[in-house]
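As stored in upload-v6.tsv (TSV, C-alpha atoms):
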chain	number	residue	atom	x	y	z
A	1	MET	CA	100.60	60.55	155.25
A	2	SER	CA	100.04	62.76	152.30
A	3	ARG	CA	102.82	63.63	149.95
A	4	THR	CA	102.76	67.34	149.47
A	5	PRO	CA	104.58	68.98	146.55
A	6	ASP	CA	107.11	70.43	149.00
A	7	THR	CA	107.83	67.07	150.63
A	8	ALA	CA	111.23	65.77	149.58
A	9	THR	CA	111.57	62.24	148.29
A	10	VAL	CA	114.98	60.98	149.25
A	11	GLN	CA	116.50	57.56	148.90
A	12	THR	CA	119.57	56.78	150.94
A	13	ASP	CA	122.10	54.05	150.34
A	14	LEU	CA	122.13	52.23	153.64
A	15	VAL	CA	124.90	49.80	154.30
A	16	PRO	CA	123.48	46.26	154.20
A	17	ALA	CA	123.94	45.71	157.94
A	18	THR	CA	122.02	48.91	158.79
A	19	LEU	CA	119.26	48.06	156.32
A	20	GLN	CA	118.96	44.59	157.84
A	21	LEU	CA	118.74	46.02	161.39
A	22	LEU	CA	116.09	48.47	160.21
A	23	GLN	CA	114.01	45.84	158.44
A	24	GLN	CA	114.17	43.53	161.48
A	25	SER	CA	113.12	46.30	163.86
A	26	ALA	CA	109.64	45.85	165.30
A	27	PRO	CA	108.94	49.63	165.27
A	28	PHE	CA	109.89	49.80	161.56
A	29	GLN	CA	107.73	46.80	160.73
A	30	LEU	CA	104.84	48.40	162.61
A	31	ALA	CA	105.31	51.70	160.72
A	32	GLN	CA	105.15	49.80	157.44
A	33	GLN	CA	102.01	47.93	158.56
A	34	LEU	CA	100.30	51.16	159.66
A	35	GLN	CA	101.23	53.19	156.58
A	36	PRO	CA	98.23	52.25	154.39
A	37	SER	CA	95.75	53.20	157.13
A	38	LEU	CA	97.51	56.57	157.62
A	39	GLU	CA	97.31	57.62	153.97
A	40	GLY	CA	96.28	61.27	153.70
A	41	ILE	CA	97.62	62.19	157.16
A	42	THR	CA	100.86	64.16	157.27
A	43	PHE	CA	103.31	63.08	159.95
A	44	GLY	CA	107.00	62.27	160.35
A	45	ILE	CA	108.93	59.47	162.01
A	46	GLY	CA	111.63	60.47	164.47
A	47	GLY	CA	113.21	59.32	167.71
A	48	SER	CA	115.18	56.11	168.07
A	49	LEU	CA	113.77	54.65	164.84
A	50	LEU	CA	115.12	57.63	162.90
A	51	LEU	CA	118.51	57.15	164.58
A	52	LEU	CA	118.45	53.46	163.62
A	53	GLU	CA	117.54	54.37	160.03
A	54	LEU	CA	120.46	56.81	159.94
A	55	GLY	CA	122.82	54.08	161.17
A	56	LEU	CA	123.41	55.73	164.56
A	57	LEU	CA	121.78	53.06	166.73
A	58	ASN	CA	121.48	49.27	166.49
A	59	THR	CA	117.95	49.10	167.92
A	60	ALA	CA	114.84	51.22	168.16
A	61	ARG	CA	112.73	50.97	171.27
A	62	ASP	CA	109.53	52.59	169.99
A	63	LEU	CA	107.87	54.51	167.17
A	64	ASP	CA	107.77	58.31	167.58
A	65	LEU	CA	105.39	60.17	165.28
A	66	VAL	CA	105.18	63.95	165.07
A	67	CYS	CA	102.43	65.86	163.30
A	68	SER	CA	100.70	69.22	163.25
A	69	LEU	CA	97.93	70.07	165.70
A	70	ALA	CA	95.50	70.05	162.76
A	71	ASP	CA	96.42	66.46	161.82
A	72	PHE	CA	96.65	65.13	165.39
A	73	PRO	CA	92.96	64.11	165.80
A	74	ARG	CA	92.95	62.15	162.52
A	75	LEU	CA	96.28	60.48	163.26
A	76	LYS	CA	95.17	59.56	166.77
A	77	ALA	CA	91.86	58.13	165.51
A	78	ALA	CA	93.58	56.12	162.75
A	79	LEU	CA	96.04	54.62	165.23
A	80	ALA	CA	93.27	53.85	167.74
A	81	ALA	CA	91.60	51.67	165.10
A	82	SER	CA	94.44	49.11	165.26
A	83	LEU	CA	96.43	49.87	168.42
A	84	THR	CA	95.57	49.98	172.12
A	85	PRO	CA	95.57	53.45	173.71
A	86	VAL	CA	97.74	53.82	176.82
A	87	GLU	CA	96.90	56.34	179.54
A	88	VAL	CA	99.72	58.82	180.05
A	89	PRO	CA	99.74	60.93	183.23
A	90	PRO	CA	100.64	64.62	182.88
A	91	HIS	CA	104.37	65.32	182.97
A	92	PRO	CA	105.82	68.42	184.67
A	93	GLN	CA	108.44	68.97	181.94
A	94	TYR	CA	106.86	67.65	178.72
A	95	GLN	CA	103.75	69.71	178.09
A	96	SER	CA	102.95	69.23	174.41
A	97	GLU	CA	99.60	70.54	173.32
A	98	ALA	CA	98.67	67.08	172.03
A	99	PHE	CA	100.16	63.74	173.01
A	100	ALA	CA	98.94	60.16	172.80
A	101	ARG	CA	100.53	56.79	173.40
A	102	PHE	CA	99.50	53.45	171.95
A	103	VAL	CA	100.83	49.92	172.11
A	104	SER	CA	100.68	47.25	169.42
A	105	THR	CA	99.79	43.62	170.07
A	106	GLU	CA	103.54	42.91	169.71
A	107	GLY	CA	104.30	45.39	172.51
A	108	VAL	CA	105.68	48.25	170.40
A	109	GLU	CA	104.88	51.64	171.92
A	110	VAL	CA	103.83	54.45	169.60
A	111	ASP	CA	104.09	58.05	170.82
A	112	VAL	CA	102.25	60.74	168.86
A	113	MET	CA	103.16	64.39	169.47
A	114	ALA	CA	101.92	67.73	168.16
A	115	GLY	CA	102.56	71.25	169.37
A	116	ILE	CA	105.63	70.12	171.27
A	117	ARG	CA	106.31	72.16	174.39
A	118	VAL	CA	108.95	71.57	177.05
A	119	GLN	CA	109.20	73.35	180.39
A	120	GLN	CA	112.80	74.22	181.30
A	121	ALA	CA	113.93	76.55	184.07
A	122	GLN	CA	110.57	78.33	184.38
A	123	GLN	CA	110.36	78.88	180.62
A	124	LEU	CA	108.13	77.05	178.15
A	125	HIS	CA	109.98	76.20	174.91
A	126	CYS	CA	107.84	75.44	171.85
A	127	TRP	CA	108.71	73.47	168.72
A	128	GLN	CA	106.45	73.23	165.68
A	129	PHE	CA	106.33	70.42	163.13
A	130	LYS	CA	107.12	71.48	159.56
A	131	PRO	CA	105.75	68.97	157.03
A	132	GLU	CA	107.81	70.48	154.21
A	133	ARG	CA	110.93	69.16	155.98
A	134	LEU	CA	110.01	65.47	155.62
A	135	GLU	CA	112.08	63.05	153.57
A	136	TRP	CA	110.55	59.91	152.07
A	137	ARG	CA	112.61	56.74	152.41
A	138	HIS	CA	111.40	53.12	152.46
A	139	GLN	CA	107.91	54.46	151.56
A	140	LEU	CA	107.75	56.26	154.91
A	141	PRO	CA	108.02	59.94	155.92
A	142	TRP	CA	111.14	60.62	158.01
A	143	MET	CA	111.94	63.75	159.94
A	144	LEU	CA	115.29	65.45	159.47
A	145	ALA	CA	118.22	64.74	161.78
A	146	ASP	CA	118.48	68.54	162.33
A	147	ASP	CA	114.95	68.63	163.73
A	148	TRP	CA	115.60	65.75	166.12
A	149	LEU	CA	118.81	67.40	167.25
A	150	GLU	CA	116.66	70.37	168.32
A	151	LEU	CA	114.11	68.09	169.96
A	152	TYR	CA	116.70	66.05	171.85
A	153	GLN	CA	118.22	69.33	173.07
A	154	LEU	CA	114.77	70.37	174.32
A	155	PHE	CA	114.20	66.93	175.86
A	156	GLN	CA	117.62	67.16	177.57
A	157	ARG	CA	118.95	63.93	176.06
A	158	PRO	CA	122.73	64.67	175.89
A	159	GLU	CA	123.78	61.26	174.51
A	160	ARG	CA	121.36	61.59	171.59
A	161	VAL	CA	122.43	65.21	171.05
A	162	GLN	CA	126.07	64.11	170.77
A	163	LEU	CA	125.19	61.28	168.36
A	164	LEU	CA	123.35	63.66	166.06
A	165	GLN	CA	125.97	66.39	166.30
A	166	ARG	CA	128.69	63.95	165.21
A	167	PHE	CA	126.47	62.64	162.40
A	168	LEU	CA	125.61	66.11	161.12
A	169	ALA	CA	129.25	67.21	161.27
A	170	GLN	CA	130.09	64.38	158.84
A	171	CYS	CA	127.34	65.29	156.37
Translate the structure described by the file into structure tokens.
Amino acid sequence: MSRTPDTATVQTDLVPATLQLLQQSAPFQLAQQLQPSLEGITFGIGGSLLLLELGLLNTARDLDLVCSLADFPRLKAALAASLTPVEVPPHPQYQSEAFARFVSTEGVEVDVMAGIRVQQAQQLHCWQFKPERLEWRHQLPWMLADDWLELYQLFQRPERVQLLQRFLAQC
């Protein structure tokens, strides 16, 4: 998790209830525990934990990490040092160039993605991670809501798309 000069450092004023939900979240606690061992690797946190951090959900089910293809091997190796790898069978729709899943001793799943590709209607849609679009909050690198809106559209997750559209319309 290197801080590049282009990486934004942003602090948000979370309402106390949202901050409490975030701090009690097992995926957030795991991200904080892993952070020191991931120093020097650029990645961003997204998915349900990002939505929880933004105050859009009350729980996060897992920890989604996105990185570049260049950083994927280092991130995967660093996670493998403290988490258990989980075998993931190939998926007909989700065809990212690099994907790995891990599970913590507490049962938190960690998905790591790079070179995200999604097959839709006989067309392969690609999405690339942009480290300059990270925001640092709670000493962790967070992806932008705009980026996860695009990803949830690719992943065909209409409920999450609507949540983010409403959130972004209020910003």
So which one's closest to A:Leu83, A:Leu54, A:Leu30, A:Thr59, A:Phe99? Using all atoms listed in the file, please.
A:Leu30
Closest to A:Pro141 among A:Gln24, A:Thr18, A:Gln32, A:Ser37, using all atoms listed in the file?
A:Gln32
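Excluding A:Leu163 itself and any same-chain residue fewer than 6 positions from it, the protein and nucleic acid residues within 9 Å of it, counting only C-alpha atoms, are A:Leu51, A:Leu56, A:Leu149.
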Between atom CA of A:Trp136 and atom CA of A:Gln33 - distance in Å to one decimal:
16.1 Å
Could you tell me which of A:Gln170, A:Gln93, A:Ala17, A:Asp147 comes closest to A:Pro131 if we count only C-alpha atoms?
A:Asp147
Any idea what's packed within 10 Å of A:Ser82, counting only C-alpha atoms, ignoring anything in its chain fewer than 4 positions away? Could you give it as an MDAnalysis selection string?
chainID A and resid 34 37 77:78 102:105
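Atom to atom, atom CA of A:Gln35 and atom CA of A:Trp148 stand 21.3 Å apart.
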Name the residues in contact with stretch 69-72 of chain A at a cut-off of 8 Å, using all atoms listed in the file, excluding same-chain residues fewer than 2 positions from it; report them as a PyMOL selection string.
chain A and resi 41-43+67+74-76+97-98+112-115
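As for atom CA of A:Leu22 and atom CA of A:Ala100, they are spaced 24.3 Å apart.
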Grab stretch 82-98 of chain A from that structure and dump all heavy atoms to a file, as a short mmCIF file (atom, residue, chain, number, x, y, z; two decimals), in the first residue's frame.
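And here's out_33.cif as it stands now:
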data_model
loop_
_atom_site.label_atom_id
_atom_site.label_comp_id
_atom_site.auth_asym_id
_atom_site.auth_seq_id
_atom_site.Cartn_x
_atom_site.Cartn_y
_atom_site.Cartn_z
N SER A 82 -0.62 -14.78 5.76
CA SER A 82 -1.42 -14.77 6.99
C SER A 82 -2.86 -15.27 6.81
O SER A 82 -3.57 -15.43 7.80
CB SER A 82 -1.44 -13.36 7.59
OG SER A 82 -1.97 -12.44 6.67
N LEU A 83 -3.26 -15.51 5.58
CA LEU A 83 -4.61 -15.99 5.31
C LEU A 83 -4.56 -17.32 4.57
O LEU A 83 -3.54 -17.66 3.96
CB LEU A 83 -5.37 -14.96 4.46
CG LEU A 83 -5.49 -13.55 5.01
CD1 LEU A 83 -6.13 -12.62 3.98
CD2 LEU A 83 -6.29 -13.54 6.31
N THR A 84 -5.66 -18.04 4.57
CA THR A 84 -5.74 -19.33 3.89
C THR A 84 -6.30 -19.14 2.48
O THR A 84 -7.40 -18.60 2.32
CB THR A 84 -6.66 -20.30 4.67
OG1 THR A 84 -6.16 -20.42 6.01
CG2 THR A 84 -6.72 -21.66 4.01
N PRO A 85 -5.55 -19.58 1.46
CA PRO A 85 -6.06 -19.49 0.09
C PRO A 85 -7.29 -20.39 -0.09
O PRO A 85 -7.37 -21.47 0.50
CB PRO A 85 -4.91 -19.98 -0.78
CG PRO A 85 -3.71 -19.95 0.10
CD PRO A 85 -4.20 -20.11 1.50
N VAL A 86 -8.22 -19.93 -0.90
CA VAL A 86 -9.44 -20.70 -1.21
C VAL A 86 -9.47 -20.92 -2.71
O VAL A 86 -9.31 -19.98 -3.49
CB VAL A 86 -10.71 -19.93 -0.77
CG1 VAL A 86 -11.97 -20.66 -1.19
CG2 VAL A 86 -10.69 -19.69 0.73
N GLU A 87 -9.66 -22.16 -3.12
CA GLU A 87 -9.75 -22.49 -4.55
C GLU A 87 -11.04 -21.91 -5.13
O GLU A 87 -12.12 -22.08 -4.55
CB GLU A 87 -9.73 -24.00 -4.73
CG GLU A 87 -9.62 -24.45 -6.16
CD GLU A 87 -8.27 -24.13 -6.78
OE1 GLU A 87 -7.26 -24.13 -6.06
OE2 GLU A 87 -8.24 -23.87 -8.00
N VAL A 88 -10.91 -21.22 -6.25
CA VAL A 88 -12.07 -20.63 -6.90
C VAL A 88 -12.17 -21.20 -8.32
O VAL A 88 -11.26 -21.00 -9.12
CB VAL A 88 -11.95 -19.09 -6.96
CG1 VAL A 88 -13.17 -18.48 -7.63
CG2 VAL A 88 -11.74 -18.50 -5.58
N PRO A 89 -13.27 -21.92 -8.62
CA PRO A 89 -13.41 -22.47 -9.97
C PRO A 89 -13.62 -21.34 -10.98
O PRO A 89 -14.12 -20.27 -10.64
CB PRO A 89 -14.64 -23.36 -9.88
CG PRO A 89 -15.40 -22.85 -8.70
CD PRO A 89 -14.41 -22.24 -7.76
N PRO A 90 -13.26 -21.56 -12.23
CA PRO A 90 -13.49 -20.55 -13.27
C PRO A 90 -14.97 -20.19 -13.36
O PRO A 90 -15.83 -21.04 -13.16
CB PRO A 90 -13.01 -21.22 -14.56
CG PRO A 90 -12.14 -22.34 -14.12
CD PRO A 90 -12.63 -22.76 -12.76
N HIS A 91 -15.24 -18.94 -13.65
CA HIS A 91 -16.62 -18.45 -13.76
C HIS A 91 -16.87 -18.04 -15.20
O HIS A 91 -16.03 -17.39 -15.81
CB HIS A 91 -16.80 -17.26 -12.82
CG HIS A 91 -18.22 -16.87 -12.62
ND1 HIS A 91 -18.93 -16.13 -13.54
CD2 HIS A 91 -19.08 -17.12 -11.60
CE1 HIS A 91 -20.15 -15.94 -13.09
NE2 HIS A 91 -20.29 -16.52 -11.92
N PRO A 92 -18.01 -18.39 -15.77
CA PRO A 92 -18.27 -18.05 -17.18
C PRO A 92 -18.42 -16.54 -17.44
O PRO A 92 -18.12 -16.08 -18.54
CB PRO A 92 -19.58 -18.77 -17.50
CG PRO A 92 -20.21 -19.03 -16.18
CD PRO A 92 -19.10 -19.14 -15.17
N GLN A 93 -18.83 -15.78 -16.43
CA GLN A 93 -19.04 -14.34 -16.62
C GLN A 93 -17.85 -13.52 -16.14
O GLN A 93 -17.40 -12.61 -16.82
CB GLN A 93 -20.31 -13.90 -15.89
CG GLN A 93 -20.65 -12.44 -16.10
CD GLN A 93 -21.92 -12.03 -15.34
OE1 GLN A 93 -22.53 -12.83 -14.63
NE2 GLN A 93 -22.29 -10.79 -15.48
N TYR A 94 -17.35 -13.81 -14.94
CA TYR A 94 -16.25 -13.04 -14.36
C TYR A 94 -14.94 -13.66 -14.79
O TYR A 94 -14.60 -14.77 -14.37
CB TYR A 94 -16.36 -13.00 -12.84
CG TYR A 94 -17.71 -12.48 -12.37
CD1 TYR A 94 -18.52 -13.26 -11.57
CD2 TYR A 94 -18.17 -11.24 -12.76
CE1 TYR A 94 -19.76 -12.79 -11.14
CE2 TYR A 94 -19.41 -10.75 -12.35
CZ TYR A 94 -20.20 -11.54 -11.54
OH TYR A 94 -21.41 -11.08 -11.12
N GLN A 95 -14.21 -12.95 -15.65
CA GLN A 95 -13.00 -13.52 -16.24
C GLN A 95 -11.79 -12.60 -16.05
O GLN A 95 -11.01 -12.38 -16.97
CB GLN A 95 -13.23 -13.77 -17.73
CG GLN A 95 -14.36 -14.74 -17.99
CD GLN A 95 -14.60 -14.98 -19.46
OE1 GLN A 95 -13.83 -14.59 -20.31
NE2 GLN A 95 -15.68 -15.64 -19.77
N SER A 96 -11.65 -12.07 -14.86
CA SER A 96 -10.53 -11.18 -14.57
C SER A 96 -9.22 -11.88 -14.87
O SER A 96 -9.10 -13.11 -14.73
CB SER A 96 -10.55 -10.72 -13.12
OG SER A 96 -11.69 -9.90 -12.91
N GLU A 97 -8.24 -11.09 -15.28
CA GLU A 97 -6.93 -11.65 -15.60
C GLU A 97 -6.26 -12.25 -14.38
O GLU A 97 -5.50 -13.20 -14.50
CB GLU A 97 -6.05 -10.57 -16.23
CG GLU A 97 -6.55 -10.13 -17.60
CD GLU A 97 -5.66 -9.07 -18.21
OE1 GLU A 97 -4.50 -9.37 -18.50
OE2 GLU A 97 -6.15 -7.93 -18.38
N ALA A 98 -6.54 -11.68 -13.21
CA ALA A 98 -5.97 -12.21 -11.97
C ALA A 98 -7.02 -12.12 -10.87
O ALA A 98 -7.63 -11.06 -10.67
CB ALA A 98 -4.71 -11.43 -11.59
#
